[in-house]
file target-v9.txt (compact mmCIF, C-alpha atoms (C1' of nucleotides))
# COMPACT_ATOMS: atom_id res chain seq x y z
CA MET A 1 81.08 -2.74 -6.40
CA ASN A 2 80.38 -6.44 -6.06
CA ASN A 3 76.76 -5.97 -7.07
CA THR A 4 77.11 -8.78 -9.58
CA THR A 5 76.89 -11.53 -7.00
CA ARG A 6 73.12 -11.71 -6.74
CA LYS A 7 72.71 -11.06 -10.45
CA ASN A 8 75.01 -13.94 -11.21
CA GLU A 9 73.06 -16.22 -8.93
CA ILE A 10 69.91 -15.35 -10.82
CA ILE A 11 71.51 -15.89 -14.21
CA SER A 12 73.07 -19.14 -13.09
CA LYS A 13 69.79 -20.47 -11.76
CA ALA A 14 68.00 -19.34 -14.91
CA ALA A 15 70.48 -21.25 -17.05
CA LYS A 16 69.72 -24.41 -15.08
CA LEU A 17 65.99 -24.00 -15.61
CA PHE A 18 66.43 -23.09 -19.28
CA LYS A 19 68.47 -26.24 -19.79
CA LYS A 20 65.71 -28.40 -18.38
CA ARG A 21 62.64 -26.88 -19.99
CA GLY A 22 63.79 -24.26 -22.47
CA TYR A 23 63.65 -20.46 -22.33
CA SER A 24 60.02 -20.09 -23.39
CA ALA A 25 58.68 -22.62 -20.91
CA VAL A 26 60.37 -21.04 -17.90
CA THR A 27 58.44 -18.14 -16.40
CA MET A 28 59.83 -15.37 -14.25
CA ARG A 29 57.75 -16.81 -11.41
CA ASP A 30 59.38 -20.22 -11.89
CA LEU A 31 62.78 -18.58 -11.68
CA ALA A 32 61.79 -16.56 -8.61
CA ASP A 33 60.41 -19.65 -6.88
CA ALA A 34 63.67 -21.49 -7.47
CA LEU A 35 65.44 -18.64 -5.69
CA ASN A 36 62.83 -18.38 -2.94
CA ILE A 37 61.87 -14.84 -3.81
CA LYS A 38 58.98 -13.15 -5.62
CA ALA A 39 59.05 -12.53 -9.34
CA ALA A 40 59.02 -8.76 -8.98
CA SER A 41 62.15 -8.90 -6.84
CA LEU A 42 64.14 -10.22 -9.78
CA TYR A 43 63.87 -6.82 -11.40
CA ASN A 44 66.05 -5.25 -8.71
CA HIS A 45 68.90 -7.15 -10.34
CA ILE A 46 68.08 -7.72 -13.98
CA ASN A 47 66.30 -5.64 -16.59
CA SER A 48 64.35 -8.32 -18.42
CA LYS A 49 64.00 -12.01 -19.08
CA GLN A 50 65.58 -11.40 -22.45
CA GLU A 51 68.64 -9.86 -20.82
CA ILE A 52 69.20 -13.06 -18.85
CA LEU A 53 69.10 -15.19 -21.98
CA SER A 54 71.33 -12.79 -23.83
CA THR A 55 73.92 -12.73 -21.06
CA ILE A 56 74.09 -16.52 -20.96
CA ILE A 57 74.29 -17.16 -24.68
CA ILE A 58 76.49 -14.29 -25.81
CA GLY A 59 78.94 -15.09 -23.02
CA MET A 60 79.26 -18.66 -24.23
CA ALA A 61 79.46 -17.69 -27.89
CA GLU A 62 82.23 -15.19 -27.21
CA ALA A 63 84.18 -17.81 -25.30
CA PHE A 64 84.06 -20.05 -28.37
CA THR A 65 84.97 -17.18 -30.67
CA ASN A 66 87.99 -16.30 -28.54
CA GLY A 67 89.06 -19.92 -28.26
CA MET A 68 88.91 -20.41 -32.01
CA GLU A 69 90.82 -17.19 -32.63
CA GLN A 70 93.63 -18.55 -30.47
CA ILE A 71 93.73 -21.94 -32.11
CA LYS A 72 93.55 -20.98 -35.75
CA ASN A 73 96.77 -19.02 -35.69
CA GLU A 74 98.89 -21.52 -33.80
CA PRO A 75 101.79 -22.98 -35.79
CA VAL A 76 100.78 -26.61 -35.35
CA SER A 77 99.48 -29.41 -37.52
CA THR A 78 95.82 -29.70 -38.51
CA GLN A 79 95.46 -32.74 -36.34
CA GLU A 80 96.78 -30.74 -33.40
CA LYS A 81 94.38 -27.91 -34.13
CA LEU A 82 91.43 -30.25 -34.28
CA LYS A 83 92.43 -31.75 -30.96
CA LYS A 84 92.56 -28.28 -29.45
CA ILE A 85 89.10 -27.48 -30.78
CA ILE A 86 87.79 -30.67 -29.22
CA GLU A 87 89.42 -29.71 -25.94
CA LEU A 88 87.88 -26.24 -26.14
CA HIS A 89 84.42 -27.75 -26.38
CA ILE A 90 85.10 -30.19 -23.56
CA ASP A 91 86.42 -27.45 -21.29
CA LEU A 92 83.54 -25.06 -21.88
CA THR A 93 81.02 -27.87 -21.50
CA ILE A 94 82.50 -28.92 -18.17
CA GLU A 95 82.59 -25.30 -17.04
CA SER A 96 78.94 -24.70 -17.92
CA PRO A 97 76.75 -27.46 -19.29
CA GLU A 98 73.74 -25.21 -18.67
CA GLY A 99 75.23 -22.46 -20.81
CA MET A 100 75.91 -24.96 -23.57
CA ALA A 101 72.30 -26.12 -23.48
CA CYS A 102 71.04 -22.55 -23.83
CA LEU A 103 73.52 -21.86 -26.60
CA ASN A 104 72.26 -24.85 -28.53
CA ASN A 105 68.54 -24.74 -27.88
CA ASP A 106 67.51 -21.18 -27.13
CA TRP A 107 69.60 -19.01 -29.44
CA MET A 108 66.58 -18.42 -31.70
CA HIS A 109 64.86 -16.56 -28.88
CA LEU A 110 67.53 -13.91 -28.83
CA GLU A 111 66.17 -10.62 -30.05
CA GLU A 112 68.52 -7.65 -30.16
CA LYS A 113 71.66 -9.79 -30.08
CA LEU A 114 70.52 -12.40 -32.58
CA PRO A 115 72.42 -10.96 -35.57
CA TYR A 116 75.60 -10.71 -33.48
CA PHE A 117 75.19 -14.32 -32.41
CA ILE A 118 74.58 -15.57 -35.94
CA GLU A 119 77.68 -13.76 -37.11
CA MET A 120 79.82 -15.38 -34.44
CA ARG A 121 78.44 -18.82 -35.22
CA GLU A 122 79.07 -18.45 -38.93
CA ASP A 123 82.60 -17.23 -38.33
CA TYR A 124 83.27 -20.14 -36.04
CA GLU A 125 82.08 -22.66 -38.60
CA GLU A 126 84.02 -20.97 -41.38
CA ASN A 127 87.24 -21.09 -39.34
CA PHE A 128 86.57 -24.77 -38.73
CA ARG A 129 86.15 -25.30 -42.48
CA VAL A 130 89.42 -23.53 -43.24
CA ILE A 131 91.28 -25.77 -40.82
CA LEU A 132 89.74 -28.90 -42.37
CA ASN A 133 90.64 -27.69 -45.85
CA GLN A 134 94.21 -27.04 -44.81
CA GLY A 135 94.29 -30.59 -43.50
CA ILE A 136 93.18 -31.92 -46.86
CA ALA A 137 95.71 -29.77 -48.70
CA GLN A 138 98.46 -31.04 -46.45
CA ASP A 139 97.25 -34.62 -46.85
CA GLU A 140 96.47 -34.99 -43.14
CA ILE A 141 92.73 -35.35 -43.63
CA VAL A 142 90.82 -37.69 -45.90
CA SER A 143 89.34 -36.01 -48.95
CA ARG A 144 85.65 -36.39 -48.27
CA ASP A 145 82.67 -34.00 -48.26
CA ILE A 146 83.86 -31.26 -45.95
CA GLU A 147 80.37 -30.29 -44.80
CA ILE A 148 79.82 -33.79 -43.54
CA MET A 149 83.05 -33.86 -41.59
CA LEU A 150 82.28 -30.44 -40.15
CA PHE A 151 78.74 -31.31 -39.20
CA SER A 152 79.69 -34.68 -37.82
CA MET A 153 82.28 -33.23 -35.47
CA LEU A 154 80.31 -30.15 -34.47
CA SER A 155 77.14 -32.10 -33.75
CA THR A 156 78.99 -34.28 -31.32
CA LEU A 157 80.85 -31.43 -29.69
CA ARG A 158 77.81 -29.22 -29.36
CA THR A 159 75.65 -31.82 -27.66
CA LEU A 160 78.34 -32.96 -25.28
CA TYR A 161 76.43 -31.34 -22.43
CA VAL A 162 73.59 -33.84 -22.83
CA TRP A 163 75.79 -36.78 -22.05
CA TYR A 164 78.10 -35.09 -19.61
CA THR A 165 75.30 -34.12 -17.22
CA LYS A 166 73.45 -37.39 -16.97
CA LYS A 167 74.19 -40.01 -14.39
CA ASP A 168 76.29 -42.85 -15.66
CA GLY A 169 77.12 -40.63 -18.61
CA VAL A 170 80.57 -39.78 -19.81
CA ASN A 171 83.07 -38.19 -17.43
CA ALA A 172 85.73 -35.57 -17.91
CA VAL A 173 88.69 -37.95 -17.80
CA SER A 174 87.50 -40.46 -20.37
CA LEU A 175 86.22 -37.62 -22.52
CA LYS A 176 89.61 -36.00 -22.90
CA LYS A 177 91.20 -39.37 -23.37
CA ASP A 178 88.85 -41.04 -25.84
CA LEU A 179 86.79 -38.38 -27.62
CA PRO A 180 89.55 -37.03 -29.90
CA ASP A 181 90.30 -40.53 -31.15
CA ALA A 182 86.61 -41.36 -31.56
CA LEU A 183 86.08 -38.27 -33.69
CA LEU A 184 89.33 -38.33 -35.63
CA LYS A 185 90.08 -42.02 -36.03
CA GLY A 186 86.60 -43.50 -36.00
CA ILE A 187 85.58 -46.60 -34.17
CA ILE A 188 86.23 -49.55 -36.45
CA LYS A 189 89.43 -51.51 -36.67
CA MET B 1 36.27 -41.49 -43.53
CA ASN B 2 39.06 -39.30 -44.85
CA ASN B 3 38.76 -36.86 -41.97
CA THR B 4 42.48 -37.10 -41.31
CA THR B 5 43.45 -34.84 -44.18
CA ARG B 6 42.88 -31.52 -42.47
CA LYS B 7 44.19 -32.86 -39.17
CA ASN B 8 47.39 -33.93 -40.85
CA GLU B 9 47.80 -30.52 -42.43
CA ILE B 10 47.53 -28.96 -39.00
CA ILE B 11 50.01 -31.36 -37.45
CA SER B 12 52.42 -30.95 -40.32
CA LYS B 13 52.28 -27.17 -40.12
CA ALA B 14 52.68 -27.33 -36.36
CA ALA B 15 55.81 -29.44 -36.72
CA LYS B 16 57.31 -26.80 -38.99
CA LEU B 17 56.62 -24.05 -36.50
CA PHE B 18 57.84 -26.16 -33.57
CA LYS B 19 61.09 -26.81 -35.41
CA LYS B 20 61.71 -23.09 -35.85
CA ARG B 21 60.73 -21.74 -32.46
CA GLY B 22 60.02 -24.69 -30.19
CA TYR B 23 56.75 -26.04 -28.80
CA SER B 24 56.38 -23.56 -25.95
CA ALA B 25 56.98 -20.50 -28.09
CA VAL B 26 54.38 -21.41 -30.70
CA THR B 27 50.84 -20.40 -29.77
CA MET B 28 47.65 -21.85 -31.14
CA ARG B 29 47.04 -18.45 -32.72
CA ASP B 30 50.41 -18.64 -34.46
CA LEU B 31 49.48 -22.05 -35.82
CA ALA B 32 46.04 -20.88 -36.90
CA ASP B 33 47.52 -17.82 -38.64
CA ALA B 34 49.91 -20.03 -40.58
CA LEU B 35 46.88 -21.98 -41.82
CA ASN B 36 44.80 -18.85 -42.47
CA ILE B 37 42.11 -19.79 -39.99
CA LYS B 38 41.16 -18.74 -36.47
CA ALA B 39 42.58 -20.48 -33.41
CA ALA B 40 39.23 -21.83 -32.29
CA SER B 41 38.77 -23.56 -35.63
CA LEU B 42 41.72 -25.80 -34.90
CA TYR B 43 39.66 -27.55 -32.28
CA ASN B 44 37.32 -28.96 -34.90
CA HIS B 45 40.24 -31.22 -35.86
CA ILE B 46 42.47 -31.69 -32.83
CA ASN B 47 41.77 -32.03 -29.14
CA SER B 48 44.64 -30.04 -27.69
CA LYS B 49 48.02 -28.50 -28.35
CA GLN B 50 49.53 -31.32 -26.34
CA GLU B 51 47.92 -33.89 -28.64
CA ILE B 52 49.67 -32.32 -31.61
CA LEU B 53 53.06 -32.56 -29.95
CA SER B 54 52.39 -36.08 -28.81
CA THR B 55 51.35 -37.23 -32.28
CA ILE B 56 54.50 -35.82 -33.84
CA ILE B 57 57.00 -37.11 -31.31
CA ILE B 58 55.56 -40.53 -30.53
CA GLY B 59 55.20 -41.22 -34.24
CA MET B 60 58.88 -40.51 -34.81
CA ALA B 61 59.99 -42.44 -31.74
CA GLU B 62 58.01 -45.50 -32.77
CA ALA B 63 59.56 -45.37 -36.23
CA PHE B 64 63.00 -45.53 -34.63
CA THR B 65 61.94 -48.29 -32.28
CA ASN B 66 60.62 -50.38 -35.15
CA GLY B 67 63.69 -49.71 -37.26
CA MET B 68 66.02 -50.78 -34.49
CA GLU B 69 63.98 -53.91 -33.80
CA GLN B 70 64.48 -54.91 -37.44
CA ILE B 71 68.18 -54.25 -37.47
CA LYS B 72 69.24 -55.83 -34.22
CA ASN B 73 68.11 -59.29 -35.22
CA GLU B 74 69.58 -59.35 -38.71
CA PRO B 75 72.31 -61.95 -39.22
CA VAL B 76 74.97 -59.50 -40.38
CA SER B 77 78.23 -58.09 -39.06
CA THR B 78 78.34 -55.29 -36.51
CA GLN B 79 79.69 -52.95 -39.12
CA GLU B 80 76.72 -53.77 -41.32
CA LYS B 81 74.31 -53.16 -38.45
CA LEU B 82 75.87 -49.81 -37.68
CA LYS B 83 75.56 -48.83 -41.32
CA LYS B 84 71.89 -49.76 -41.26
CA ILE B 85 71.33 -47.66 -38.13
CA ILE B 86 72.98 -44.71 -39.84
CA GLU B 87 70.74 -45.22 -42.86
CA LEU B 88 67.68 -45.42 -40.63
CA HIS B 89 68.50 -41.99 -39.20
CA ILE B 90 69.18 -40.54 -42.62
CA ASP B 91 65.93 -41.89 -44.04
CA LEU B 92 63.76 -40.66 -41.20
CA THR B 93 65.48 -37.29 -41.22
CA ILE B 94 64.87 -36.85 -44.94
CA GLU B 95 61.28 -37.97 -44.51
CA SER B 96 60.60 -35.48 -41.73
CA PRO B 97 63.27 -33.05 -40.56
CA GLU B 98 60.54 -31.20 -38.63
CA GLY B 99 59.60 -34.34 -36.75
CA MET B 100 63.25 -34.94 -35.91
CA ALA B 101 63.56 -31.44 -34.52
CA CYS B 102 60.53 -31.95 -32.28
CA LEU B 103 61.81 -35.32 -31.17
CA ASN B 104 65.11 -33.80 -30.15
CA ASN B 105 64.04 -30.50 -28.68
CA ASP B 106 60.50 -30.78 -27.39
CA TRP B 107 60.23 -34.26 -25.89
CA MET B 108 60.39 -32.82 -22.37
CA HIS B 109 57.09 -31.06 -22.96
CA LEU B 110 55.29 -34.33 -23.41
CA GLU B 111 52.93 -34.97 -20.54
CA GLU B 112 50.90 -38.17 -20.57
CA LYS B 113 53.19 -39.90 -23.07
CA LEU B 114 56.47 -38.83 -21.51
CA PRO B 115 57.15 -42.12 -19.68
CA TYR B 116 56.41 -44.11 -22.83
CA PHE B 117 58.79 -41.91 -24.78
CA ILE B 118 61.57 -42.21 -22.20
CA GLU B 119 61.19 -45.96 -22.25
CA MET B 120 61.53 -46.11 -26.03
CA ARG B 121 64.58 -43.87 -25.99
CA GLU B 122 66.30 -45.92 -23.31
CA ASP B 123 65.57 -49.15 -25.15
CA TYR B 124 66.94 -47.69 -28.35
CA GLU B 125 70.17 -46.64 -26.69
CA GLU B 126 70.52 -49.97 -24.95
CA ASN B 127 70.11 -51.86 -28.22
CA PHE B 128 72.77 -49.60 -29.70
CA ARG B 129 75.09 -50.44 -26.80
CA VAL B 130 74.55 -54.15 -27.27
CA ILE B 131 75.50 -53.92 -30.92
CA LEU B 132 78.65 -51.97 -30.09
CA ASN B 133 79.61 -54.49 -27.43
CA GLN B 134 79.11 -57.36 -29.87
CA GLY B 135 81.42 -55.51 -32.21
CA ILE B 136 84.09 -55.31 -29.54
CA ALA B 137 83.68 -58.97 -28.63
CA GLN B 138 84.06 -59.93 -32.28
CA ASP B 139 87.05 -57.61 -32.67
CA GLU B 140 85.30 -55.44 -35.23
CA ILE B 141 85.23 -52.35 -33.06
CA VAL B 142 88.07 -50.68 -31.18
CA SER B 143 87.97 -51.25 -27.45
CA ARG B 144 87.31 -47.75 -26.19
CA ASP B 145 84.80 -46.20 -23.77
CA ILE B 146 81.50 -47.42 -25.15
CA GLU B 147 79.50 -44.46 -23.87
CA ILE B 148 81.70 -42.13 -25.85
CA MET B 149 81.28 -44.10 -29.06
CA LEU B 150 77.53 -44.27 -28.50
CA PHE B 151 77.18 -40.59 -27.70
CA SER B 152 79.44 -39.54 -30.53
CA MET B 153 77.43 -41.42 -33.13
CA LEU B 154 74.00 -40.62 -31.72
CA SER B 155 74.74 -36.92 -31.37
CA THR B 156 75.61 -36.68 -35.02
CA LEU B 157 72.68 -38.79 -36.16
CA ARG B 158 70.14 -36.99 -34.01
CA THR B 159 71.08 -33.51 -35.17
CA LEU B 160 71.26 -34.42 -38.82
CA TYR B 161 68.09 -32.40 -39.41
CA VAL B 162 69.92 -29.18 -38.55
CA TRP B 163 72.36 -29.57 -41.41
CA TYR B 164 70.04 -31.23 -43.84
CA THR B 165 67.52 -28.40 -43.88
CA LYS B 166 69.82 -25.45 -44.33
CA LYS B 167 70.79 -24.10 -47.70
CA ASP B 168 74.20 -25.18 -48.85
CA GLY B 169 74.00 -27.85 -46.19
CA VAL B 170 74.50 -31.53 -46.71
CA ASN B 171 72.37 -33.38 -49.24
CA ALA B 172 70.87 -36.83 -49.29
CA VAL B 173 73.29 -38.31 -51.80
CA SER B 174 76.54 -37.28 -50.15
CA LEU B 175 75.06 -38.15 -46.77
CA LYS B 176 74.47 -41.77 -47.65
CA LYS B 177 77.82 -41.92 -49.35
CA ASP B 178 80.10 -40.21 -46.84
CA LEU B 179 78.43 -40.20 -43.43
CA PRO B 180 78.95 -43.90 -42.60
CA ASP B 181 82.67 -43.61 -43.31
CA ALA B 182 82.97 -40.33 -41.41
CA LEU B 183 81.39 -41.92 -38.34
CA LEU B 184 82.99 -45.33 -38.55
CA LYS B 185 86.41 -44.65 -40.01
CA GLY B 186 87.07 -41.12 -38.75
CA ILE B 187 88.55 -38.35 -40.79
CA ILE B 188 92.31 -38.57 -40.49
CA LYS B 189 94.61 -40.55 -42.70
C1' DA C 1 73.50 7.55 14.73
C1' DA C 2 72.31 8.99 10.24
C1' DA C 3 72.43 8.22 5.41
C1' DA C 4 72.72 5.54 1.51
C1' DA C 5 72.47 1.41 -1.00
C1' DC C 6 70.68 -3.09 -1.51
C1' DA C 7 67.18 -6.45 -1.82
C1' DA C 8 63.11 -8.00 -0.64
C1' DC C 9 57.97 -7.22 -0.59
C1' DT C 10 52.53 -6.32 -2.08
C1' DA C 11 49.54 -5.12 -5.55
C1' DA C 12 48.42 -4.57 -9.86
C1' DC C 13 48.61 -3.63 -15.15
C1' DA C 14 47.72 -4.89 -20.00
C1' DA C 15 48.57 -8.55 -22.97
C1' DT C 16 48.36 -13.09 -24.18
C1' DC C 17 47.61 -18.03 -23.25
C1' DG C 18 44.81 -22.57 -24.36
C1' DT C 19 40.32 -23.64 -24.70
C1' DT C 20 34.98 -23.74 -24.80
C1' DA C 21 30.31 -22.59 -26.36
C1' DG C 22 27.38 -21.57 -29.68
C1' DT C 23 26.64 -20.05 -34.51
C1' DT C 24 27.25 -19.60 -39.47
C1' DT C 25 29.12 -20.89 -43.85
C1' DT C 26 30.48 -24.32 -47.25
C1' DG C 27 30.45 -28.40 -49.88
C1' DT C 28 28.32 -32.86 -50.93
C1' DA C 29 24.87 -36.62 -51.11
C1' DA C 30 19.95 -37.77 -51.18
C1' DT D 1 15.97 -28.82 -52.98
C1' DT D 2 16.59 -30.50 -48.88
C1' DA D 3 19.50 -32.58 -45.40
C1' DC D 4 23.64 -33.32 -43.33
C1' DA D 5 28.25 -33.12 -42.10
C1' DA D 6 32.56 -30.67 -42.25
C1' DA D 7 34.94 -26.66 -41.20
C1' DA D 8 35.00 -22.22 -40.53
C1' DC D 9 33.47 -18.25 -37.56
C1' DT D 10 32.59 -14.67 -33.20
C1' DA D 11 32.87 -13.99 -28.51
C1' DA D 12 34.43 -14.91 -24.44
C1' DC D 13 36.32 -17.54 -20.16
C1' DG D 14 39.74 -17.92 -16.44
C1' DA D 15 44.55 -18.44 -15.92
C1' DT D 16 49.02 -16.94 -16.67
C1' DT D 17 52.51 -13.94 -18.85
C1' DG D 18 56.43 -10.21 -18.25
C1' DT D 19 56.74 -6.17 -16.06
C1' DT D 20 55.99 -1.65 -13.28
C1' DA D 21 55.06 1.23 -9.20
C1' DG D 22 55.55 2.09 -4.78
C1' DT D 23 56.87 0.41 -0.14
C1' DT D 24 59.38 -1.94 3.59
C1' DG D 25 63.08 -4.12 5.75
C1' DT D 26 68.09 -4.95 6.04
C1' DT D 27 73.11 -4.09 5.42
C1' DT D 28 76.84 -1.21 4.63
C1' DT D 29 79.07 3.22 4.61
C1' DT D 30 79.83 7.67 6.51
call {"tool": "encode", "arguments": {"input": "target-v9.txt", "output": "structure tokens"}}
result
Amino acid sequence: MNNTTRKNEIISKAAKLFKKRGYSAVTMRDLADALNIKAASLYNHINSKQEILSTIIIGMAEAFTNGMEQIKNEPVSTQEKLKKIIELHIDLTIESPEGMACLNNDWMHLEEKLPYFIEMREDYEENFRVILNQGIAQDEIVSRDIEIMLFSMLSTLRTLYVWYTKKDGVNAVSLKKDLPDALLKGIIK
Amino acid sequence: MNNTTRKNEIISKAAKLFKKRGYSAVTMRDLADALNIKAASLYNHINSKQEILSTIIIGMAEAFTNGMEQIKNEPVSTQEKLKKIIELHIDLTIESPEGMACLNNDWMHLEEKLPYFIEMREDYEENFRVILNQGIAQDEIVSRDIEIMLFSMLSTLRTLYVWYTKKDGVNAVSLKKDLPDALLKGIIK
DNA sequence: AAAAACAACTAACAATCGTTAGTTTTGTAA
DNA sequence: TTACAAAACTAACGATTGTTAGTTGTTTTT
């Protein structure tokens, strides 16, 4: 029943290649070469190139959806919720920087699952907005343009994988320690 | 002598398509269709697909390089320099969101000009680091992990085009008004 | 030992890729 | 009107694309 092992190896290797060069620029022969097999052999394990992309991206998106669902209903302050969202992004980025790259850069190449993905992304952003608005209502958050606060935080969180995976980049420890403050409190004295 | 008109139309249209689907996923026939001509006709104006990409990206990168060169030598406070960097990103994003998208997402498909691009990007980031360090030395900036401050600001600034180009997204006025504070002062009270 | 499942292979397909060659049309200046 | 340049066209090229069909070898299960 453990027929997923080889399939997972293929998907995992594909994610690495997609991160580097993007879905469209990676051919099935590139992927096969990286696994030391022939392109046709891939089809003993997966149904299509599209299925690989879909598996990677939808898996990540659902992880974020589930994480947000947890957080939004917790009986804690807005500041606490925002910190948990930041931690969610850090955790998922550390777990799979390649998946995060695909999620960010290749979602538009989804076909069948594209509407489902868009829906999840919109829901996620809307939940984020609600939390920010609650913060303003409860006087925890400054009353500025909410779209700018949302975009500013999400941009940073979504591209975490870029900096996490490069040498001399940021590491997990300092991320969890300093990123919440950087995002919430700013950088000037 | 005004033979650049048609060429610029092609490059401009290409940038729009690249922003939507990425360099690799856009074919010369796609580009030609969008201009209501045949693919072969493109080659009366440009030398290669790669040349189009290169023109777009190197142009943007040089604009940032020049902007940073201006800013770093101005006799103003760190906070003022950071504000000017933020404005530089806003201005260039408004001027060409498509170019920003290519710069961010398709740089790895550069061939001949890739080393030149990498060099410019590294210099830009290093200049940014120097400014932040000056700010710490002069007690203007909190003493936290500098890579995290750098990455946090740059991530937001580099993906500005995503939010600027979508309906109900952020607009130029509120950007210039609220983004500097959001990045520098944070969002909590 | 036989059977079944798994995972690789070779060979090839139709479609599409960026690009070239050579030709025709279009607009402008002489 | 002629001459010329700009910008389009048709046709095709060799390479590469994702994928299928059918086969062979290798493990695992019975």
call {"tool": "atom_distance", "arguments": {"input": "target-v9.txt", "atom1": "CA of Ser152 in chain B", "atom2": "CA of Thr156 in chain A"}}
result
5.3 Å
call {"tool": "residues_around", "arguments": {"input": "target-v9.txt", "residues": "range 65-77 of chain B", "least_positions_apart": "2", "cutoff": "9 Å", "atoms": "all atoms listed in the file", "output": "PyMOL selection string"}}
result
chain B and resi 60-63+79-82+84-85+88+120-121+123-124+127-128+130-131+135+140
call {"tool": "closest_atom_pairs", "arguments": {"input": "target-v9.txt", "of": "chain A", "to": "chain B", "cutoff": "6 Å", "atoms": "all atoms listed in the file", "output": "tab-separated table"}}
result
residue	atom	partner	partner_atom	distance
A:Ser24	CA	B:Ala25	CA	5.6
A:Ala25	CA	B:Ser24	CA	5.6
A:Glu140	CA	B:Lys189	CA	5.9
A:Ile141	CA	B:Ile188	CA	4.5
A:Val142	CA	B:Ile187	CA	5.6
A:Ser152	CA	B:Thr156	CA	5.3
A:Ser155	CA	B:Thr156	CA	5.0
A:Thr156	CA	B:Ser155	CA	5.0
A:Leu183	CA	B:Gly186	CA	5.9
A:Leu184	CA	B:Gly186	CA	4.8
A:Lys185	CA	B:Gly186	CA	4.2
A:Gly186	CA	B:Gly186	CA	3.7
A:Ile187	CA	B:Leu184	CA	5.2
A:Ile188	CA	B:Ile141	CA	4.5
A:Lys189	CA	B:Ile141	CA	5.6
call {"tool": "closest_atom_pairs", "arguments": {"input": "target-v9.txt", "of": "range 1-27 of chain D", "to": "range 3-17 of chain C", "cutoff": "9 Å", "atoms": "only C-alpha atoms (C1' of nucleotides)", "output": "CSV"}}
result
residue,atom,partner,partner_atom,distance
D:DA15,C1',C:DC17,C1',8.0
D:DT16,C1',C:DC17,C1',6.8
D:DT17,C1',C:DT16,C1',6.8
D:DT19,C1',C:DC13,C1',8.6
D:DT20,C1',C:DC13,C1',7.9
D:DA21,C1',C:DA12,C1',8.8
D:DT23,C1',C:DC9,C1',7.7
D:DT24,C1',C:DC9,C1',6.9
D:DG25,C1',C:DA8,C1',7.5
D:DT26,C1',C:DA7,C1',8.1
D:DT27,C1',C:DC6,C1',7.4
call {"tool": "interface_residues", "arguments": {"input": "target-v9.txt", "of": "chain A", "to": "chain C", "cutoff": "9 Å", "atoms": "all atoms listed in the file", "output": "list in words"}}
result
Asn3, Ile37, Lys38, Ala40, Ser41, Asn44 and His45 of chain A
call {"tool": "interface_residues", "arguments": {"input": "target-v9.txt", "of": "chain A", "to": "chain D", "cutoff": "10 Å", "atoms": "all atoms listed in the file", "output": "ChimeraX atom specification"}}
result
/A:27-29,39-40,43,47-49
call {"tool": "atom_distance", "arguments": {"input": "target-v9.txt", "atom1": "CA of Cys102 in chain A", "atom2": "CA of Glu9 in chain A"}}
result
16.3 Å
call {"tool": "atom_distance", "arguments": {"input": "target-v9.txt", "atom1": "CA of Met100 in chain A", "atom2": "CA of Tyr116 in chain B"}}
result
27.3 Å
call {"tool": "build_atoms", "arguments": {"input": "target-v9.txt", "residues": "range 87-97 of chain B", "atoms": "N, CA and C atoms", "output": "short mmCIF file (atom, residue, chain, number, x, y, z; two decimals), in the frame of the given file"}}
result
data_model
loop_
_atom_site.label_atom_id
_atom_site.label_comp_id
_atom_site.auth_asym_id
_atom_site.auth_seq_id
_atom_site.Cartn_x
_atom_site.Cartn_y
_atom_site.Cartn_z
N GLU B 87 71.72 -45.41 -41.77
CA GLU B 87 70.74 -45.22 -42.86
C GLU B 87 69.34 -44.96 -42.34
N LEU B 88 69.00 -45.64 -41.24
CA LEU B 88 67.68 -45.42 -40.63
C LEU B 88 67.52 -43.95 -40.23
N HIS B 89 68.55 -43.40 -39.61
CA HIS B 89 68.50 -41.99 -39.20
C HIS B 89 68.43 -41.06 -40.42
N ILE B 90 69.21 -41.38 -41.41
CA ILE B 90 69.18 -40.54 -42.62
C ILE B 90 67.80 -40.57 -43.26
N ASP B 91 67.24 -41.77 -43.39
CA ASP B 91 65.93 -41.89 -44.04
C ASP B 91 64.84 -41.14 -43.28
N LEU B 92 64.81 -41.32 -41.98
CA LEU B 92 63.76 -40.66 -41.20
C LEU B 92 63.96 -39.15 -41.16
N THR B 93 65.20 -38.73 -41.21
CA THR B 93 65.48 -37.29 -41.22
C THR B 93 65.01 -36.67 -42.53
N ILE B 94 65.31 -37.36 -43.63
CA ILE B 94 64.87 -36.85 -44.94
C ILE B 94 63.36 -36.84 -45.02
N GLU B 95 62.74 -37.88 -44.48
CA GLU B 95 61.28 -37.97 -44.51
C GLU B 95 60.62 -36.86 -43.72
N SER B 96 61.20 -36.53 -42.57
CA SER B 96 60.60 -35.48 -41.73
C SER B 96 61.61 -34.79 -40.83
N PRO B 97 62.33 -33.82 -41.38
CA PRO B 97 63.27 -33.05 -40.56
C PRO B 97 62.55 -32.32 -39.43
#
